[in-house]
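S.K.: My structure is stored as input.cif, with mmCIF, C-alpha atoms.
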```
data_coords
loop_
_atom_site.group_PDB
_atom_site.id
_atom_site.type_symbol
_atom_site.label_atom_id
_atom_site.label_comp_id
_atom_site.auth_asym_id
_atom_site.auth_seq_id
_atom_site.Cartn_x
_atom_site.Cartn_y
_atom_site.Cartn_z
ATOM 1 C CA MET H 15 0.000 0.000 0.000
ATOM 2 C CA LYS H 16 1.173 3.511 -0.824
ATOM 3 C CA PHE H 17 0.895 5.684 2.271
ATOM 4 C CA GLU H 18 -0.373 9.252 1.839
ATOM 5 C CA LYS H 19 -1.985 10.078 5.194
ATOM 6 C CA ILE H 20 0.718 8.666 7.462
ATOM 7 C CA LEU H 21 4.488 8.964 7.598
ATOM 8 C CA ILE H 22 6.913 6.180 8.513
ATOM 9 C CA LYS H 23 10.494 6.701 9.609
ATOM 10 C CA THR H 24 12.848 3.924 10.644
ATOM 11 C CA GLY H 25 16.354 4.274 12.001
ATOM 12 C CA GLU H 26 19.261 2.227 13.246
ATOM 13 C CA ASN H 27 17.894 2.268 16.811
ATOM 14 C CA HIS H 28 15.168 -0.335 16.029
ATOM 15 C CA VAL H 29 12.457 2.283 16.609
ATOM 16 C CA ALA H 30 9.959 3.058 13.853
ATOM 17 C CA THR H 31 8.138 6.385 14.097
ATOM 18 C CA LEU H 32 4.613 6.255 12.690
ATOM 19 C CA THR H 33 2.996 9.684 12.274
ATOM 20 C CA LEU H 34 -0.658 10.458 11.595
ATOM 21 C CA ASN H 35 -0.320 13.078 8.890
ATOM 22 C CA ARG H 36 -3.526 15.071 8.510
ATOM 23 C CA PRO H 37 -2.479 18.139 10.523
ATOM 24 C CA GLU H 38 -4.912 20.397 8.669
ATOM 25 C CA SER H 39 -7.743 18.279 10.152
ATOM 26 C CA MET H 40 -6.099 17.690 13.553
ATOM 27 C CA ASN H 41 -5.288 14.164 12.337
ATOM 28 C CA THR H 42 -8.908 13.043 12.392
ATOM 29 C CA PHE H 43 -9.495 9.568 11.021
ATOM 30 C CA SER H 44 -10.498 9.506 7.381
ATOM 31 C CA SER H 45 -11.242 6.129 5.843
ATOM 32 C CA GLN H 46 -7.963 6.316 3.968
ATOM 33 C CA MET H 47 -5.908 7.170 7.047
ATOM 34 C CA ALA H 48 -7.560 4.383 9.041
ATOM 35 C CA LEU H 49 -6.712 1.824 6.371
ATOM 36 C CA GLU H 50 -3.157 3.111 6.018
ATOM 37 C CA LEU H 51 -2.567 3.155 9.775
ATOM 38 C CA ASN H 52 -3.798 -0.385 10.170
ATOM 39 C CA GLN H 53 -1.639 -1.681 7.325
ATOM 40 C CA ALA H 54 1.411 0.235 8.519
ATOM 41 C CA LEU H 55 1.104 -1.290 11.991
ATOM 42 C CA ILE H 56 0.973 -4.763 10.463
ATOM 43 C CA ASP H 57 3.905 -4.047 8.150
ATOM 44 C CA LEU H 58 6.099 -2.688 10.947
ATOM 45 C CA ASP H 59 5.273 -5.643 13.156
ATOM 46 C CA SER H 60 6.764 -7.959 10.532
ATOM 47 C CA ASP H 61 9.824 -5.773 9.866
ATOM 48 C CA PRO H 62 12.885 -7.474 11.425
ATOM 49 C CA LEU H 63 14.639 -4.114 11.829
ATOM 50 C CA VAL H 64 11.855 -2.711 14.035
ATOM 51 C CA GLY H 65 11.576 -3.483 17.728
ATOM 52 C CA VAL H 66 9.298 -0.692 18.935
ATOM 53 C CA ILE H 67 6.681 1.458 17.174
ATOM 54 C CA LEU H 68 6.393 5.106 18.254
ATOM 55 C CA LEU H 69 2.995 6.520 17.250
ATOM 56 C CA LYS H 70 2.455 10.293 17.066
ATOM 57 C CA GLY H 71 0.458 12.987 15.309
ATOM 58 C CA ALA H 72 1.693 15.733 13.017
ATOM 59 C CA GLY H 73 1.068 19.333 14.017
ATOM 60 C CA ARG H 74 -0.636 20.556 17.165
ATOM 61 C CA ALA H 75 -2.877 17.559 17.936
ATOM 62 C CA PHE H 76 -2.457 13.822 18.304
ATOM 63 C CA CYS H 77 -5.864 12.948 16.864
ATOM 64 C CA ALA H 78 -9.229 14.706 17.209
ATOM 65 C CA GLY H 79 -11.357 11.646 16.434
ATOM 66 C CA ILE H 80 -13.161 10.646 13.259
ATOM 67 C CA ASP H 81 -13.636 13.002 10.313
ATOM 68 C CA VAL H 82 -17.376 13.722 10.506
ATOM 69 C CA THR H 83 -17.435 14.934 6.903
ATOM 70 C CA GLU H 84 -17.638 11.218 6.051
ATOM 71 C CA LEU H 85 -20.657 10.685 8.290
ATOM 72 C CA SER H 86 -23.701 11.350 6.143
ATOM 73 C CA GLY H 87 -25.417 9.372 3.392
ATOM 74 C CA LYS H 88 -24.763 5.772 4.409
ATOM 75 C CA THR H 89 -27.002 2.787 4.952
ATOM 76 C CA ALA H 90 -26.896 0.915 8.259
ATOM 77 C CA ILE H 91 -24.647 -1.741 6.715
ATOM 78 C CA GLU H 92 -22.338 0.921 5.291
ATOM 79 C CA TYR H 93 -22.139 2.640 8.681
ATOM 80 C CA ARG H 94 -21.146 -0.668 10.270
ATOM 81 C CA GLU H 95 -18.383 -1.239 7.721
ATOM 82 C CA TRP H 96 -17.237 2.379 8.059
ATOM 83 C CA ILE H 97 -16.947 2.375 11.833
ATOM 84 C CA GLU H 98 -15.247 -1.031 11.870
ATOM 85 C CA ARG H 99 -12.631 0.398 9.498
ATOM 86 C CA MET H 100 -12.070 3.330 11.858
ATOM 87 C CA GLU H 101 -11.756 1.123 14.952
ATOM 88 C CA GLN H 102 -9.609 -1.629 13.432
ATOM 89 C CA PRO H 103 -6.235 -0.041 14.342
ATOM 90 C CA LEU H 104 -7.312 -0.051 18.007
ATOM 91 C CA VAL H 105 -7.838 -3.808 17.780
ATOM 92 C CA THR H 106 -4.728 -4.438 15.682
ATOM 93 C CA ILE H 107 -2.403 -2.905 18.285
ATOM 94 C CA SER H 108 -3.376 -5.628 20.762
ATOM 95 C CA LYS H 109 -2.551 -8.298 18.159
ATOM 96 C CA LEU H 110 0.931 -7.019 17.316
ATOM 97 C CA LYS H 111 3.960 -8.737 18.802
ATOM 98 C CA LYS H 112 5.878 -5.481 19.095
ATOM 99 C CA PRO H 113 5.041 -2.747 21.600
ATOM 100 C CA VAL H 114 3.408 0.497 20.484
ATOM 101 C CA ILE H 115 4.229 3.676 22.407
ATOM 102 C CA ALA H 116 1.893 6.604 21.778
ATOM 103 C CA GLN H 117 3.387 10.089 21.941
ATOM 104 C CA LEU H 118 0.603 12.465 22.967
ATOM 105 C CA GLN H 119 0.720 16.149 22.154
ATOM 106 C CA GLY H 120 -2.239 18.521 22.156
ATOM 107 C CA VAL H 121 -5.631 16.827 22.082
ATOM 108 C CA ALA H 122 -6.676 13.191 21.751
ATOM 109 C CA ALA H 123 -10.455 13.186 21.351
ATOM 110 C CA ALA H 124 -13.016 10.461 20.666
ATOM 111 C CA ASN H 125 -11.310 7.814 18.513
ATOM 112 C CA GLY H 126 -8.031 9.601 19.223
ATOM 113 C CA MET H 127 -8.487 8.901 22.926
ATOM 114 C CA GLY H 128 -9.365 5.324 22.044
ATOM 115 C CA LEU H 129 -6.101 5.048 20.141
ATOM 116 C CA ILE H 130 -4.206 6.405 23.156
ATOM 117 C CA ALA H 131 -5.915 3.898 25.456
ATOM 118 C CA ALA H 132 -5.258 1.055 23.011
ATOM 119 C CA ALA H 133 -1.522 1.813 22.815
ATOM 120 C CA ASP H 134 0.670 -0.340 25.026
ATOM 121 C CA LEU H 135 2.395 2.669 26.604
ATOM 122 C CA VAL H 136 1.846 6.437 26.458
ATOM 123 C CA ILE H 137 4.144 9.403 27.051
ATOM 124 C CA ALA H 138 2.350 12.761 27.096
ATOM 125 C CA ALA H 139 3.179 16.447 26.975
ATOM 126 C CA ASP H 140 2.259 18.365 30.108
ATOM 127 C CA ASN H 141 -0.337 20.438 28.234
ATOM 128 C CA SER H 142 -2.117 17.503 26.573
ATOM 129 C CA ARG H 143 -5.804 16.681 27.024
ATOM 130 C CA MET H 144 -8.089 13.818 26.083
ATOM 131 C CA GLY H 145 -11.769 12.938 26.135
ATOM 132 C CA LEU H 146 -14.565 10.834 24.663
ATOM 133 C CA THR H 147 -16.189 13.914 23.180
ATOM 134 C CA ALA H 148 -18.595 12.559 20.545
ATOM 135 C CA ILE H 149 -21.568 12.766 22.932
ATOM 136 C CA ASN H 150 -21.340 16.556 22.594
ATOM 137 C CA VAL H 151 -22.406 16.412 18.934
ATOM 138 C CA GLY H 152 -25.168 13.821 19.339
ATOM 139 C CA LEU H 153 -22.977 10.775 18.717
ATOM 140 C CA ASN H 154 -21.050 8.588 21.166
ATOM 141 C CA CYS H 155 -17.729 6.836 21.646
ATOM 142 C CA VAL H 156 -18.906 3.287 22.353
ATOM 143 C CA GLY H 157 -15.966 1.894 20.360
ATOM 144 C CA PRO H 158 -13.164 3.976 21.886
ATOM 145 C CA VAL H 159 -14.555 3.453 25.399
ATOM 146 C CA ILE H 160 -13.622 -0.244 25.201
ATOM 147 C CA PRO H 161 -9.846 0.249 25.631
ATOM 148 C CA VAL H 162 -10.518 3.261 27.879
ATOM 149 C CA ALA H 163 -12.594 1.116 30.260
ATOM 150 C CA ARG H 164 -9.820 -1.445 30.465
ATOM 151 C CA CYS H 165 -7.552 1.324 31.721
ATOM 152 C CA VAL H 166 -9.873 3.181 34.104
ATOM 153 C CA GLY H 167 -12.698 0.818 35.123
ATOM 154 C CA ARG H 168 -16.465 0.933 34.637
ATOM 155 C CA LYS H 169 -17.572 3.991 36.616
ATOM 156 C CA LYS H 170 -14.975 6.418 35.273
ATOM 157 C CA ALA H 171 -15.335 5.052 31.743
ATOM 158 C CA LEU H 172 -19.076 5.717 31.824
ATOM 159 C CA GLU H 173 -18.477 9.224 33.132
ATOM 160 C CA LEU H 174 -16.059 9.941 30.296
ATOM 161 C CA LEU H 175 -18.425 8.360 27.754
ATOM 162 C CA LEU H 176 -21.594 10.161 28.869
ATOM 163 C CA TYR H 177 -20.288 13.623 29.777
ATOM 164 C CA GLY H 178 -17.716 13.998 26.998
ATOM 165 C CA LYS H 179 -15.360 16.228 28.949
ATOM 166 C CA LEU H 180 -11.679 16.669 28.173
ATOM 167 C CA ILE H 181 -9.345 15.729 31.012
ATOM 168 C CA LYS H 182 -5.836 17.072 31.492
ATOM 169 C CA ALA H 183 -2.620 15.054 31.574
ATOM 170 C CA PRO H 184 -2.317 14.807 35.395
ATOM 171 C CA GLU H 185 -5.787 13.275 35.708
ATOM 172 C CA ALA H 186 -5.099 10.932 32.794
ATOM 173 C CA LEU H 187 -1.942 9.810 34.593
ATOM 174 C CA SER H 188 -3.812 9.173 37.841
ATOM 175 C CA LEU H 189 -6.423 7.115 35.960
ATOM 176 C CA GLY H 190 -3.819 4.903 34.291
ATOM 177 C CA LEU H 191 -4.433 6.213 30.767
ATOM 178 C CA ILE H 192 -0.848 7.414 30.318
ATOM 179 C CA ASN H 193 2.486 6.341 31.777
ATOM 180 C CA LYS H 194 4.406 9.572 32.113
ATOM 181 C CA ILE H 195 4.169 13.325 31.610
ATOM 182 C CA VAL H 196 7.043 15.402 30.234
ATOM 183 C CA PRO H 197 7.485 19.093 29.331
ATOM 184 C CA LYS H 198 5.948 19.941 25.964
ATOM 185 C CA GLN H 199 9.258 21.161 24.539
ATOM 186 C CA ASP H 200 10.991 17.874 25.449
ATOM 187 C CA LEU H 201 8.313 15.473 24.222
ATOM 188 C CA ASP H 202 9.954 14.477 20.932
ATOM 189 C CA SER H 203 13.392 13.769 22.394
ATOM 190 C CA LEU H 204 12.155 12.024 25.547
ATOM 191 C CA ALA H 205 9.621 9.898 23.680
ATOM 192 C CA LEU H 206 12.300 8.679 21.291
ATOM 193 C CA GLN H 207 14.663 8.061 24.192
ATOM 194 C CA TRP H 208 12.016 6.013 25.991
ATOM 195 C CA ALA H 209 11.310 3.978 22.844
ATOM 196 C CA GLU H 210 15.019 3.369 22.259
ATOM 197 C CA GLU H 211 15.412 2.156 25.837
ATOM 198 C CA LEU H 212 12.682 -0.435 25.296
ATOM 199 C CA ALA H 213 14.140 -1.439 21.929
ATOM 200 C CA LYS H 214 17.369 -2.480 23.715
ATOM 201 C CA LYS H 215 15.565 -5.207 25.653
ATOM 202 C CA SER H 216 15.443 -8.778 24.391
ATOM 203 C CA PRO H 217 13.018 -8.667 21.430
ATOM 204 C CA ILE H 218 11.862 -12.221 22.103
ATOM 205 C CA ALA H 219 11.222 -11.526 25.785
ATOM 206 C CA VAL H 220 9.312 -8.310 24.998
ATOM 207 C CA GLN H 221 7.212 -9.891 22.275
ATOM 208 C CA ILE H 222 6.338 -12.993 24.304
ATOM 209 C CA ALA H 223 5.435 -10.765 27.252
ATOM 210 C CA LYS H 224 3.105 -8.543 25.229
ATOM 211 C CA THR H 225 1.452 -11.418 23.372
ATOM 212 C CA ALA H 226 0.887 -13.423 26.546
ATOM 213 C CA PHE H 227 -0.486 -10.383 28.384
ATOM 214 C CA TYR H 228 -3.207 -9.706 25.802
ATOM 215 C CA HIS H 229 -4.048 -13.358 25.144
ATOM 216 C CA SER H 230 -4.557 -14.098 28.828
ATOM 217 C CA GLU H 231 -6.226 -10.842 29.848
ATOM 218 C CA ASP H 232 -9.772 -12.246 29.986
ATOM 219 C CA MET H 233 -8.913 -15.658 31.396
ATOM 220 C CA SER H 234 -9.807 -16.818 34.859
ATOM 221 C CA TYR H 235 -7.178 -16.333 37.561
ATOM 222 C CA GLN H 236 -5.912 -19.926 37.549
ATOM 223 C CA ALA H 237 -6.091 -20.275 33.766
ATOM 224 C CA GLN H 238 -4.079 -17.084 33.363
ATOM 225 C CA PHE H 239 -1.311 -18.424 35.601
ATOM 226 C CA ALA H 240 -1.209 -21.660 33.599
ATOM 227 C CA TYR H 241 -0.995 -19.728 30.329
ATOM 228 C CA MET H 242 1.668 -17.328 31.615
ATOM 229 C CA ASN H 243 3.777 -20.138 33.049
ATOM 230 C CA GLU H 244 3.713 -21.891 29.688
ATOM 231 C CA ALA H 245 4.782 -18.653 27.971
ATOM 232 C CA PHE H 246 7.657 -18.241 30.427
ATOM 233 C CA ALA H 247 8.748 -21.844 29.902
ATOM 234 C CA ARG H 248 8.882 -21.267 26.142
ATOM 235 C CA LEU H 249 10.973 -18.149 26.667
ATOM 236 C CA CYS H 250 13.459 -20.061 28.839
ATOM 237 C CA THR H 251 14.253 -22.435 25.945
ATOM 238 C CA THR H 252 15.466 -19.601 23.670
ATOM 239 C CA ASP H 253 19.093 -18.756 22.987
ATOM 240 C CA ASP H 254 18.447 -15.134 23.919
ATOM 241 C CA ALA H 255 17.252 -16.110 27.384
ATOM 242 C CA LYS H 256 20.531 -17.941 27.935
ATOM 243 C CA GLU H 257 22.453 -14.989 26.488
ATOM 244 C CA GLY H 258 20.718 -12.535 28.799
ATOM 245 C CA VAL H 259 21.543 -14.534 31.911
ATOM 246 C CA ASN H 260 25.147 -15.158 30.804
ATOM 247 C CA ALA H 261 25.642 -11.453 30.031
ATOM 248 C CA PHE H 262 24.319 -10.581 33.488
ATOM 249 C CA PHE H 263 26.825 -12.832 35.227
ATOM 250 C CA GLU H 264 29.668 -11.763 32.931
ATOM 251 C CA LYS H 265 28.825 -8.081 33.450
ATOM 252 C CA ARG H 266 28.610 -7.249 29.748
ATOM 253 C CA PRO H 267 25.887 -5.999 27.384
ATOM 254 C CA PRO H 268 23.858 -8.856 25.885
ATOM 255 C CA VAL H 269 23.935 -9.533 22.158
ATOM 256 C CA TRP H 270 20.447 -10.537 21.038
ATOM 257 C CA GLN H 271 20.078 -12.990 18.163
ATOM 258 C CA GLU H 272 16.270 -13.203 18.276
ATOM 259 C CA LYS H 273 16.285 -16.978 18.478
#
```
Give the structure from this file in structure tokens form.
M.R.:
Amino acid sequence: MKFEKILIKTGENHVATLTLNRPESMNTFSSQMALELNQALIDLDSDPLVGVILLKGAGRAFCAGIDVTELSGKTAIEYREWIERMEQPLVTISKLKKPVIAQLQGVAAANGMGLIAAADLVIAADNSRMGLTAINVGLNCVGPVIPVARCVGRKKALELLLYGKLIKAPEALSLGLINKIVPKQDLDSLALQWAEELAKKSPIAVQIAKTAFYHSEDMSYQAQFAYMNEAFARLCTTDDAKEGVNAFFEKRPPVWQEK
């Protein structure tokens, strides 16, 4: 696929930067951008040179939701297909082996907040805000609230869904929607630094950890332990697990072979 509404940059640090590139529309989801984002996530997940995906928005906003200029004139079936296309990247992130770090600047509204909540990790500028705002224009965010609820719980998720208010970065941090807050002027450098730090970890260990976490999330307590123990046992048989332990004892940096 030729990408026109997103930008991809890869470097030697095993971090791929994926940028939503509709700054004139505050990076709202068009059908084209949704399709491109979903395919780019899948492509980067299979790229052997990429260990971590850093997701950001161009311009002053991360993502202000869905482009409502696409809203009118559809049948019920067409609306279903349209909204599934918009929400698919939120689902895809949970299926990727590689971690996705969202870099939040400005506003993340509606589906933009859903994308933030769906990301594995989030680093945010100190002036950023987010909210499930569609209720304010007679719509709702019943798709984006799914990953939001998994971060904040039922009561707060319903409050965000039904009142549609924007919350500031400190509240988002206290609710578990973001991992850290940094000064606006340092966001780019610190986000990349954080992604590079993660990319230095054992790729196999990171990928097994993420995959096992999402696969077992809805299991019963005992079943989740059984699944996680099996995942850990598989990890222990890898060459990189042996390399990591040997490097620790030999007081040297590990050399990962991804096998």
S.K.: Report, in Å with one decimal, the straight-line distance from CA of Leu176 (chain H) to CA of Pro103 (chain H).
M.R.: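 Those two atoms sit 23.5 Å apart.
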S.K.: If I take CA of Glu257 (chain H) and CA of Ala213 (chain H), how far is one from the other in Å, to one decimal?
M.R.: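 Taking CA of Glu257 (chain H) as the start and CA of Ala213 (chain H) as the end point, the length is 16.5 Å.
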S.K.: Interatomic distance between CA of Lys16 (chain H) and CA of Gly71 (chain H)?
M.R.: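 Taking CA of Lys16 (chain H) as the start and CA of Gly71 (chain H) as the end point, the length is 18.7 Å.
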S.K.: Set the distance at 8 Å and use only C-alpha atoms: which residues neighbour region 133-137 of chain H once local chain neighbours fewer than 4 positions away are removed? I'd like the list as an NGL selection string.
M.R.: :H and (104 or 107-108 or 113-118 or 129 or 191-196 or 201 or 205)
S.K.: Here's the selection I'm unsure about, the PyMOL selection byres ((chain H and resi 229) around 10); applied to the file above, which residues does it give, as JSON, numbers by chain?
M.R.: {"H": [108, 109, 224, 225, 226, 227, 228, 230, 231, 232, 233, 238, 241, 242]}
S.K.: I'd like to see the residues matched by the PyMOL selection byres ((chain H and resi 27) around 12) on this file, and ideally I'd get them as a list of chain:residue names.
M.R.: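 That expression, the PyMOL selection byres ((chain H and resi 27) around 12), corresponds here to H:Lys23, H:Thr24, H:Gly25, H:Glu26, H:His28, H:Val29, H:Ala30, H:Thr31, H:Leu63, H:Val64, H:Gly65, H:Val66, H:Ile67, H:Leu68, H:Leu206, H:Gln207, H:Trp208, H:Ala209, H:Glu210, H:Glu211, H:Leu212, H:Ala213, H:Lys214, H:Lys215.
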S.K.: Which of these, H:Leu204, H:Val259, H:Cys155, H:Ile97, has the shortest distance to Ala138 (chain H) once you count all atoms listed in the file?
M.R.: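 Using all atoms listed in the file, the shortest distance to Ala138 (chain H) belongs to H:Leu204.
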S.K.: Env of Pro158 (chain H): 8 Å cut, atoms = only C-alpha atoms, seq-sep filter 3 positions within chain, self excluded. Answer as a ChimeraX atom specification.
M.R.: /H:101,124-125,127-129,146,155,161-162
S.K.: Quick one: of H:Gly79, H:Pro62, H:Gly167, H:Pro268, who's nearest to Ala148 (chain H), counting all atoms listed in the file?
M.R.: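 Of H:Gly79, H:Pro62, H:Gly167, H:Pro268, the one nearest Ala148 (chain H) is H:Gly79, counting all atoms listed in the file.
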S.K.: Starting from the incomplete input, reconstruct N, CA and C atoms of region 18-42 of chain H and report them as a CSV table (one decimal), in the coordinates of the input.
M.R.:
```
chain,number,residue,atom,x,y,z
H,18,GLU,N,-0.2,7.8,2.1
H,18,GLU,CA,-0.4,9.3,1.8
H,18,GLU,C,-0.8,10.0,3.1
H,19,LYS,N,-1.5,9.4,4.0
H,19,LYS,CA,-2.0,10.1,5.2
H,19,LYS,C,-1.2,9.7,6.5
H,20,ILE,N,-0.2,8.9,6.3
H,20,ILE,CA,0.7,8.7,7.5
H,20,ILE,C,2.2,8.7,7.0
H,21,LEU,N,3.1,8.9,7.9
H,21,LEU,CA,4.5,9.0,7.6
H,21,LEU,C,5.2,7.9,8.4
H,22,ILE,N,6.2,7.2,7.8
H,22,ILE,CA,6.9,6.2,8.5
H,22,ILE,C,8.4,6.5,8.4
H,23,LYS,N,9.1,6.5,9.6
H,23,LYS,CA,10.5,6.7,9.6
H,23,LYS,C,11.1,5.6,10.5
H,24,THR,N,12.1,4.9,9.9
H,24,THR,CA,12.8,3.9,10.6
H,24,THR,C,14.3,4.3,10.7
H,25,GLY,N,14.9,3.9,11.8
H,25,GLY,CA,16.4,4.3,12.0
H,25,GLY,C,17.1,3.1,12.5
H,26,GLU,N,18.4,3.3,12.8
H,26,GLU,CA,19.3,2.2,13.2
H,26,GLU,C,19.0,1.8,14.7
H,27,ASN,N,18.1,2.5,15.4
H,27,ASN,CA,17.9,2.3,16.8
H,27,ASN,C,16.8,1.3,17.0
H,28,HIS,N,16.3,0.7,16.0
H,28,HIS,CA,15.2,-0.3,16.0
H,28,HIS,C,13.8,0.3,16.5
H,29,VAL,N,13.7,1.6,16.3
H,29,VAL,CA,12.5,2.3,16.6
H,29,VAL,C,11.9,2.8,15.3
H,30,ALA,N,10.6,2.5,15.0
H,30,ALA,CA,10.0,3.1,13.9
H,30,ALA,C,9.0,4.1,14.3
H,31,THR,N,9.1,5.3,13.8
H,31,THR,CA,8.1,6.4,14.1
H,31,THR,C,7.0,6.4,13.1
H,32,LEU,N,5.8,6.3,13.5
H,32,LEU,CA,4.6,6.3,12.7
H,32,LEU,C,3.8,7.5,13.0
H,33,THR,N,3.6,8.4,12.0
H,33,THR,CA,3.0,9.7,12.3
H,33,THR,C,1.7,9.8,11.5
H,34,LEU,N,0.6,10.1,12.2
H,34,LEU,CA,-0.7,10.5,11.6
H,34,LEU,C,-0.5,11.8,10.9
H,35,ASN,N,-0.7,11.9,9.6
H,35,ASN,CA,-0.3,13.1,8.9
H,35,ASN,C,-1.5,13.8,8.2
H,36,ARG,N,-2.5,14.2,9.0
H,36,ARG,CA,-3.5,15.1,8.5
H,36,ARG,C,-3.6,16.3,9.4
H,37,PRO,N,-2.5,17.0,9.5
H,37,PRO,CA,-2.5,18.1,10.5
H,37,PRO,C,-3.5,19.2,10.3
H,38,GLU,N,-3.9,19.4,9.0
H,38,GLU,CA,-4.9,20.4,8.7
H,38,GLU,C,-6.3,20.0,9.2
H,39,SER,N,-6.5,18.8,9.6
H,39,SER,CA,-7.7,18.3,10.2
H,39,SER,C,-7.5,17.7,11.6
H,40,MET,N,-6.5,18.2,12.2
H,40,MET,CA,-6.1,17.7,13.6
H,40,MET,C,-6.0,16.2,13.6
H,41,ASN,N,-5.5,15.6,12.5
H,41,ASN,CA,-5.3,14.2,12.3
H,41,ASN,C,-6.5,13.3,12.6
H,42,THR,N,-7.7,13.9,12.3
H,42,THR,CA,-8.9,13.0,12.4
H,42,THR,C,-8.8,11.9,11.4
```
